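A.B. asks: Just coords.csv, nothing more (CSV, C-alpha atoms):
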```
chain,number,residue,atom,x,y,z
A,1,MET,CA,0.0,0.0,0.0
A,2,VAL,CA,1.3,3.4,-0.9
A,3,ASP,CA,2.1,5.4,2.2
A,4,LYS,CA,0.9,9.0,2.5
A,5,GLU,CA,4.1,10.2,4.1
A,6,THR,CA,6.2,8.6,1.3
A,7,ILE,CA,4.3,10.5,-1.3
A,8,ASP,CA,4.4,13.7,0.7
A,9,SER,CA,8.1,13.5,1.1
A,10,GLN,CA,8.9,13.1,-2.6
A,11,GLU,CA,7.8,16.4,-4.0
A,12,GLN,CA,7.7,14.5,-7.3
A,13,VAL,CA,3.9,14.6,-7.4
A,14,ASP,CA,3.7,18.1,-8.9
A,15,GLU,CA,1.3,20.3,-10.8
A,16,GLY,CA,1.6,17.9,-13.8
A,17,MET,CA,-0.4,15.4,-11.7
A,18,LYS,CA,-3.5,17.5,-12.4
A,19,ASP,CA,-3.3,16.6,-16.1
A,20,VAL,CA,-2.9,12.9,-15.7
A,21,ILE,CA,-4.8,11.8,-12.6
A,22,ARG,CA,-8.4,12.5,-11.6
A,23,LEU,CA,-9.0,14.1,-8.2
A,24,GLY,CA,-11.0,11.3,-6.8
A,25,THR,CA,-8.2,8.8,-7.3
A,26,LEU,CA,-5.6,11.1,-5.8
A,27,LEU,CA,-7.8,11.6,-2.7
A,28,THR,CA,-8.3,7.9,-2.2
A,29,LEU,CA,-4.6,7.2,-2.8
A,30,LEU,CA,-3.7,9.7,0.0
A,31,ALA,CA,-6.6,9.4,2.4
A,32,VAL,CA,-8.4,6.1,2.0
A,33,PRO,CA,-6.0,3.2,1.6
A,34,GLY,CA,-8.9,0.7,1.7
A,35,LEU,CA,-10.5,1.8,-1.6
A,36,ALA,CA,-10.4,-0.6,-4.5
A,37,SER,CA,-8.7,1.8,-6.9
A,38,ALA,CA,-6.0,2.6,-4.4
A,39,LYS,CA,-5.3,-1.1,-3.8
A,40,ASP,CA,-4.9,-1.8,-7.5
A,41,LEU,CA,-2.8,1.3,-8.0
A,42,ALA,CA,-0.4,0.1,-5.3
A,43,LYS,CA,0.1,-3.3,-6.9
A,44,ASN,CA,1.7,-1.6,-9.9
A,45,LEU,CA,3.6,1.2,-8.2
A,46,PRO,CA,7.2,1.2,-6.8
A,47,LYS,CA,7.6,1.2,-3.0
A,48,THR,CA,9.3,4.6,-3.0
A,49,ASN,CA,9.8,7.7,-5.2
A,50,VAL,CA,6.3,7.5,-6.6
A,51,THR,CA,5.9,9.9,-9.5
A,52,ALA,CA,3.0,11.2,-11.5
A,53,THR,CA,4.2,9.1,-14.4
A,54,ASP,CA,4.2,6.0,-12.2
A,55,VAL,CA,0.6,6.7,-11.2
A,56,LYS,CA,-0.6,7.3,-14.8
A,57,ALA,CA,1.1,4.1,-16.0
A,58,SER,CA,-0.6,2.1,-13.2
A,59,MET,CA,-4.0,3.6,-14.0
A,60,ASP,CA,-3.5,2.9,-17.7
A,61,LYS,CA,-2.7,-0.7,-17.0
A,62,ILE,CA,-5.8,-1.1,-14.8
A,63,ASN,CA,-8.0,0.5,-17.5
A,64,THR,CA,-6.9,-2.1,-20.0
A,65,MET,CA,-7.9,-5.0,-17.7
A,66,GLU,CA,-11.0,-7.0,-18.4
A,67,PRO,CA,-14.1,-4.9,-17.4
A,68,LYS,CA,-15.6,-7.7,-15.3
A,69,TYR,CA,-17.8,-5.5,-13.1
A,70,GLY,CA,-20.9,-5.4,-15.3
A,71,GLY,CA,-18.8,-4.1,-18.1
A,72,PHE,CA,-16.9,-1.6,-16.0
A,73,ASN,CA,-13.3,-1.7,-14.8
A,74,ILE,CA,-12.5,-1.6,-11.1
A,75,PHE,CA,-12.0,2.1,-11.0
A,76,ASP,CA,-15.3,3.0,-12.4
A,77,ALA,CA,-17.1,0.2,-10.5
A,78,ALA,CA,-15.8,1.5,-7.2
A,79,ASN,CA,-16.7,5.1,-8.1
A,80,ILE,CA,-20.3,4.1,-9.1
A,81,VAL,CA,-20.8,2.4,-5.8
A,82,ALA,CA,-19.3,5.3,-3.8
A,83,LYS,CA,-21.4,7.9,-5.6
A,84,THR,CA,-24.5,5.9,-5.0
A,85,LEU,CA,-23.8,5.7,-1.3
A,86,PHE,CA,-22.9,9.4,-1.1
A,87,HIS,CA,-25.9,10.8,-2.9
A,88,GLU,CA,-28.3,8.4,-1.2
A,89,ALA,CA,-27.0,8.6,2.4
A,90,ARG,CA,-24.4,11.3,3.0
A,91,SER,CA,-26.8,13.0,5.5
A,92,GLU,CA,-27.5,9.7,7.3
A,93,GLY,CA,-24.1,9.3,9.0
A,94,LYS,CA,-21.9,6.2,8.8
A,95,GLU,CA,-24.7,3.9,10.2
A,96,GLY,CA,-27.0,5.1,7.4
A,97,ILE,CA,-24.4,4.7,4.7
A,98,ASP,CA,-23.7,1.1,6.0
A,99,ALA,CA,-27.4,0.3,5.7
A,100,VAL,CA,-27.6,1.6,2.1
A,101,ALA,CA,-24.4,-0.3,1.3
A,102,SER,CA,-26.2,-3.4,2.7
A,103,VAL,CA,-29.0,-2.9,0.3
A,104,LEU,CA,-26.6,-2.8,-2.6
A,105,TYR,CA,-24.8,-5.9,-1.2
A,106,ASN,CA,-28.1,-7.8,-0.9
A,107,ARG,CA,-29.4,-6.9,-4.3
A,108,ALA,CA,-26.1,-7.9,-5.8
A,109,GLY,CA,-26.3,-11.3,-4.2
A,110,GLY,CA,-23.1,-10.6,-2.3
A,111,LYS,CA,-21.1,-10.5,-5.6
A,112,ALA,CA,-19.0,-7.5,-6.4
A,113,GLU,CA,-19.3,-7.9,-10.2
A,114,ASN,CA,-23.1,-7.2,-9.9
A,115,LEU,CA,-22.8,-3.9,-8.0
A,116,PRO,CA,-22.6,-1.4,-10.9
A,117,THR,CA,-25.6,-3.0,-12.5
A,118,VAL,CA,-27.6,-2.8,-9.3
A,119,CYS,CA,-26.6,0.9,-8.8
A,120,LEU,CA,-27.5,1.8,-12.3
A,121,SER,CA,-30.9,0.0,-12.5
A,122,PRO,CA,-33.5,2.4,-13.8
A,123,LYS,CA,-35.6,4.3,-11.3
A,124,GLN,CA,-33.9,2.8,-8.2
A,125,PHE,CA,-31.3,5.3,-7.0
A,126,SER,CA,-32.2,9.0,-7.6
A,127,TYR,CA,-28.7,10.2,-8.5
A,128,TRP,CA,-28.6,8.1,-11.6
A,129,ASN,CA,-32.2,8.7,-12.8
A,130,ASP,CA,-31.3,11.7,-14.9
A,131,LYS,CA,-28.0,10.5,-16.1
A,132,LYS,CA,-27.6,9.4,-19.7
A,133,VAL,CA,-25.6,6.3,-20.4
A,134,ASN,CA,-22.4,8.4,-20.9
A,135,GLU,CA,-18.9,7.6,-19.7
A,136,LYS,CA,-18.3,10.9,-18.0
A,137,TYR,CA,-20.8,10.2,-15.3
A,138,TYR,CA,-18.9,7.0,-14.3
A,139,GLU,CA,-15.4,8.6,-14.1
A,140,ASN,CA,-13.7,8.5,-10.8
A,141,THR,CA,-14.3,12.1,-9.8
A,142,VAL,CA,-15.3,13.8,-6.5
A,143,PRO,CA,-18.8,15.2,-5.9
A,144,PHE,CA,-18.6,19.0,-5.9
A,145,SER,CA,-19.8,19.4,-2.4
A,146,ALA,CA,-17.1,17.0,-1.2
A,147,SER,CA,-14.3,18.9,-3.0
A,148,LYS,CA,-13.8,21.2,0.0
A,149,PRO,CA,-13.1,20.3,3.7
A,150,GLY,CA,-16.2,19.7,5.7
A,151,LYS,CA,-18.9,17.1,6.6
A,152,ASP,CA,-19.5,16.1,3.0
A,153,ARG,CA,-15.8,15.5,2.5
A,154,GLU,CA,-15.8,13.3,5.5
A,155,MET,CA,-18.8,11.3,4.3
A,156,TRP,CA,-17.4,11.0,0.8
A,157,LEU,CA,-14.2,9.5,2.1
A,158,TYR,CA,-16.2,7.0,4.2
A,159,CYS,CA,-18.4,6.1,1.2
A,160,GLN,CA,-15.2,5.4,-0.8
A,161,LYS,CA,-13.9,3.2,2.0
A,162,ILE,CA,-17.2,1.2,2.1
A,163,SER,CA,-17.2,1.0,-1.7
A,164,GLY,CA,-13.7,-0.6,-1.5
A,165,GLN,CA,-15.0,-3.1,1.0
A,166,LEU,CA,-17.9,-4.0,-1.2
A,167,ILE,CA,-15.7,-4.4,-4.3
A,168,PHE,CA,-13.2,-6.6,-2.5
A,169,ASN,CA,-16.0,-8.7,-0.8
A,170,GLU,CA,-14.9,-7.5,2.7
A,171,PHE,CA,-18.3,-6.0,3.5
A,172,LYS,CA,-21.0,-7.6,5.7
A,173,SER,CA,-24.6,-6.5,5.8
A,174,THR,CA,-25.7,-4.5,8.9
A,175,ILE,CA,-29.4,-5.1,8.2
A,176,GLY,CA,-29.6,-8.7,7.4
A,177,ASP,CA,-31.3,-9.5,4.0
A,178,LEU,CA,-33.3,-6.3,3.7
A,179,ASN,CA,-33.1,-5.0,0.1
A,180,SER,CA,-35.2,-1.8,-0.1
A,181,TYR,CA,-35.7,1.5,1.7
A,182,TYR,CA,-37.3,4.9,1.5
A,183,ALA,CA,-36.9,8.2,3.3
A,184,HIS,CA,-39.9,8.1,5.7
A,185,ASN,CA,-39.4,11.8,6.6
A,186,LYS,CA,-40.0,12.8,2.9
A,187,VAL,CA,-42.1,10.2,1.0
A,188,THR,CA,-44.3,7.1,1.4
A,189,PRO,CA,-44.0,5.1,-1.9
A,190,ASP,CA,-46.9,3.0,-3.1
A,191,TRP,CA,-44.8,-0.1,-2.3
A,192,ALA,CA,-44.2,0.8,1.3
A,193,ASP,CA,-47.0,-1.5,2.6
A,194,LYS,CA,-45.4,-4.4,0.8
A,195,LEU,CA,-42.1,-4.1,2.8
A,196,GLN,CA,-41.5,-7.0,5.2
A,197,ASN,CA,-39.4,-7.0,8.4
A,198,THR,CA,-39.1,-3.2,8.4
A,199,LYS,CA,-36.3,-1.5,10.4
A,200,LYS,CA,-35.6,2.2,10.7
A,201,VAL,CA,-32.1,3.6,10.5
A,202,ASN,CA,-32.1,7.4,11.0
A,203,ASN,CA,-34.4,8.8,8.3
A,204,HIS,CA,-34.7,5.7,6.2
A,205,THR,CA,-37.1,2.8,6.6
A,206,PHE,CA,-35.6,-0.5,5.4
A,207,GLY,CA,-37.4,-3.7,4.6
A,208,TYR,CA,-37.5,-6.8,2.3
A,209,LEU,CA,-39.3,-6.4,-1.0
A,210,GLU,CA,-39.7,-9.6,-3.1
A,211,ASP,CA,-39.6,-7.6,-6.4
A,212,GLN,CA,-36.0,-6.4,-5.6
A,213,ASP,CA,-34.3,-9.8,-5.2
A,214,GLY,CA,-32.0,-8.7,-8.0
A,215,PHE,CA,-29.1,-11.1,-8.1
A,216,ALA,CA,-29.8,-12.6,-4.7
A,217,HIS,CA,-31.7,-15.6,-6.1
A,218,PRO,CA,-30.3,-16.3,-9.6
A,219,ILE,CA,-32.2,-19.6,-9.9
A,220,GLU,CA,-35.5,-17.8,-9.4
A,221,GLN,CA,-34.4,-15.1,-11.7
A,222,LYS,CA,-33.7,-17.6,-14.4
A,223,LYS,CA,-37.1,-19.2,-13.9
A,224,LYS,CA,-38.7,-15.7,-14.4
A,225,ASN,CA,-36.7,-15.4,-17.7
A,226,VAL,CA,-35.3,-12.0,-16.9
A,227,TYR,CA,-32.1,-10.5,-18.3
A,228,ILE,CA,-30.5,-7.5,-16.7
A,229,VAL,CA,-28.7,-5.3,-19.2
A,230,LYS,CA,-25.0,-4.7,-18.7
A,231,LYS,CA,-22.6,-2.2,-20.1
A,232,GLY,CA,-21.7,-3.0,-23.7
A,233,ASP,CA,-24.9,-4.9,-24.3
A,234,THR,CA,-26.9,-4.4,-27.5
A,235,LEU,CA,-30.3,-5.9,-28.2
A,236,ASN,CA,-28.8,-8.0,-31.0
A,237,LYS,CA,-26.1,-9.3,-28.6
A,238,ILE,CA,-28.7,-10.2,-26.0
A,239,ALA,CA,-31.0,-11.9,-28.5
A,240,ALA,CA,-28.2,-14.0,-29.9
A,241,ALA,CA,-27.0,-15.1,-26.5
A,242,ASN,CA,-30.5,-16.2,-25.6
A,243,LYS,CA,-31.3,-17.9,-28.9
A,244,THR,CA,-34.1,-15.5,-29.9
A,245,THR,CA,-34.6,-12.4,-32.1
A,246,THR,CA,-34.6,-8.7,-31.5
A,247,GLU,CA,-38.2,-8.6,-32.8
A,248,LYS,CA,-39.3,-11.1,-30.1
A,249,LEU,CA,-37.5,-9.1,-27.4
A,250,ILE,CA,-39.2,-5.9,-28.5
A,251,SER,CA,-42.6,-7.6,-28.5
A,252,LEU,CA,-42.0,-8.9,-25.0
A,253,ASN,CA,-40.7,-5.6,-23.7
A,254,PRO,CA,-43.0,-2.6,-24.6
A,255,LYS,CA,-40.6,-0.3,-22.6
A,256,ILE,CA,-38.1,-0.6,-25.5
A,257,LYS,CA,-39.0,2.5,-27.5
A,258,ASN,CA,-35.8,2.5,-29.5
A,259,PRO,CA,-33.9,-0.8,-30.2
A,260,ASP,CA,-30.6,1.1,-30.3
A,261,LYS,CA,-31.1,2.6,-26.9
A,262,ILE,CA,-31.2,0.2,-23.9
A,263,SER,CA,-29.8,1.3,-20.6
A,264,VAL,CA,-27.6,-0.4,-18.1
A,265,GLY,CA,-29.6,-2.1,-15.4
A,266,MET,CA,-32.8,-2.4,-17.5
A,267,LYS,CA,-34.6,-5.7,-16.9
A,268,LEU,CA,-35.8,-7.5,-20.1
A,269,LYS,CA,-38.2,-10.3,-20.3
A,270,LEU,CA,-36.9,-13.3,-22.3
A,271,PRO,CA,-39.0,-15.9,-24.2
A,272,THR,CA,-39.9,-19.0,-22.2
```
In structure tokens, how does this file's structure come out?
C.D. replies:
Amino acid sequence: MVDKETIDSQEQVDEGMKDVIRLGTLLTLLAVPGLASAKDLAKNLPKTNVTATDVKASMDKINTMEPKYGGFNIFDAANIVAKTLFHEARSEGKEGIDAVASVLYNRAGGKAENLPTVCLSPKQFSYWNDKKVNEKYYENTVPFSASKPGKDREMWLYCQKISGQLIFNEFKSTIGDLNSYYAHNKVTPDWADKLQNTKKVNNHTFGYLEDQDGFAHPIEQKKKNVYIVKKGDTLNKIAAANKTTTEKLISLNPKIKNPDKISVGMKLKLPT
């Protein structure tokens, strides 16, 4: 692991760093050694005399690795999870962030490779609702409110730490198998009465919702003939992999308005 004092002492991380490394990665490298991206950076960095060139080379190497996290590399996967936690629960304290992280963990079936798909599922987590499927939203950058010292900075660093634990399968749910929640001080969704085993954590009410099993029960999901769209998928690709046609998929899924535009996390019905 790269030591903060080592980097501070080198004076080789200069203004040129701004051109080759994103702010979020630099912060995690210095402040949150448990984050996924920092761990992978460290694997490819020298033990001492770390330079901007070293960091860029390490990042470039990781970016060419197989994107096994729902089509994302480990940098962007960790960032997607951290941003989801931050925008959903930064005002809920560490206990509230842990609870939301538990929902992500449960919906992903405890498997890190499913986390980005869970986070980006349509109409699930408000931060992503208005975001187009565009790479710039997934880059490892710091939320504006966390770019300055303060409470949001503290919570952002904590979200990054928990994101790293999720990505490296070091996280344990703090709310059992509960997989859904809502802010009871703001809204009461129409599915609230369907929640089972409810539990309140600060301003969120958590519970189990059968419709949100996600990847938790892959056998049941297979029986339901459901496919969850991943990054890089096209309708033609999905149809070929499931031995059907694009026309059949479109007929089974009226929500597909444009065959060329399907979003990450979208659930598609498959032919029986």
A.B. asks: Could you please give me, as a short mmCIF file (atom, residue, chain, number, x, y, z; two decimals) with C-alpha atoms, in the coordinates of the input, the residues of protein, DNA or RNA lying at most 9 Å from (-38.6, -10.6, -24.0) in the coordinate frame of the file, considering only C-alpha atoms?
C.D. replies:
```cif
data_model
loop_
_atom_site.label_atom_id
_atom_site.label_comp_id
_atom_site.auth_asym_id
_atom_site.auth_seq_id
_atom_site.Cartn_x
_atom_site.Cartn_y
_atom_site.Cartn_z
CA ASN A 225 -36.70 -15.40 -17.70
CA VAL A 226 -35.30 -12.00 -16.90
CA TYR A 227 -32.10 -10.50 -18.30
CA ALA A 239 -31.00 -11.90 -28.50
CA THR A 244 -34.10 -15.50 -29.90
CA THR A 246 -34.60 -8.70 -31.50
CA LYS A 248 -39.30 -11.10 -30.10
CA LEU A 249 -37.50 -9.10 -27.40
CA ILE A 250 -39.20 -5.90 -28.50
CA SER A 251 -42.60 -7.60 -28.50
CA LEU A 252 -42.00 -8.90 -25.00
CA ASN A 253 -40.70 -5.60 -23.70
CA LEU A 268 -35.80 -7.50 -20.10
CA LYS A 269 -38.20 -10.30 -20.30
CA LEU A 270 -36.90 -13.30 -22.30
CA PRO A 271 -39.00 -15.90 -24.20
CA THR A 272 -39.90 -19.00 -22.20
#
```
A.B. asks: Could you tell me how far CA of Lys123 in chain A lies from CA of Asn79 in chain A, in Å and to one decimal?
C.D. replies: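 If I compute the distance from CA of Lys123 in chain A to CA of Asn79 in chain A, I get 19.2 Å.
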A.B. asks: Provide the CA of Thr188 in chain A to CA of Gln160 in chain A distance in Å, to one decimal place.
C.D. replies: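 Separation between CA of Thr188 in chain A and CA of Gln160 in chain A: 29.2 Å.
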A.B. asks: Any idea what's packed within 10 Å of His87 in chain A, counting all atoms listed in the file, ignoring anything in its chain fewer than 2 positions away? Could you give it as a list in words?
C.D. replies: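 Residues near the query, excluding close chain neighbours: Ala82, Lys83, Thr84, Leu85, Ala89, Arg90, Ser91, Ile97, Phe125, Ser126, Tyr127, Trp128, Pro143, Trp156 and Cys159 of chain A.
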A.B. asks: Enter the distance from CA of Glu170 in chain A to CA of Gly232 in chain A, in Å, rounded to one decimal.
C.D. replies: 27.6 Å
A.B. asks: Let me make sure I understand: among A:Phe86, A:Phe215, A:Tyr69, A:Phe144, which one has the smallest atom-to-atom distance to Lys267 in chain A if we use all atoms listed in the file?
C.D. replies: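 That would be A:Phe215, the residue with the smallest distance to Lys267 in chain A.
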A.B. asks: List the neighbours of Ile175 in chain A out to 7 Å using only C-alpha atoms; skip same-chain residues closer than 2 positions along the sequence, and give me the result as a ChimeraX atom specification.
C.D. replies: /A:99,102,173,177-178
A.B. asks: What lies within 8 Å of range 197-214 of chain A using only C-alpha atoms, ignoring chain neighbours under 2 positions off, as a ChimeraX atom specification?
C.D. replies: /A:92,95-96,99,106-109,118,177-185,194-195,216-218,221
A.B. asks: Within 12 Å of (-34.9, -0.2, -26.6), all atoms listed in the file: residues as a VMD selection string?
C.D. replies: chain A and resid 229 233 to 236 238 246 to 247 249 to 264 266 to 268
A.B. asks: Between A:Gly265, A:Asp60, A:Asp76, A:Ala240, which is the closest to Gln124 in chain A once you count only C-alpha atoms?
C.D. replies: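 So, comparing all the options, the nearest one is A:Gly265.
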A.B. asks: Kindly indicate which residue among A:Arg153, A:Lys231, A:Lys186, A:Lys243 lies nearest to Gly70 in chain A, using all atoms listed in the file for the distances.
C.D. replies: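 Of A:Arg153, A:Lys231, A:Lys186, A:Lys243, the one nearest Gly70 in chain A, counting all atoms listed in the file, is A:Lys231.
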A.B. asks: So which one's closest to Phe75 in chain A, A:Gly150, A:Lys94, A:Ile167, A:Ile228? Using all atoms listed in the file, please.
C.D. replies: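 The closest residue to Phe75 in chain A is A:Ile167.
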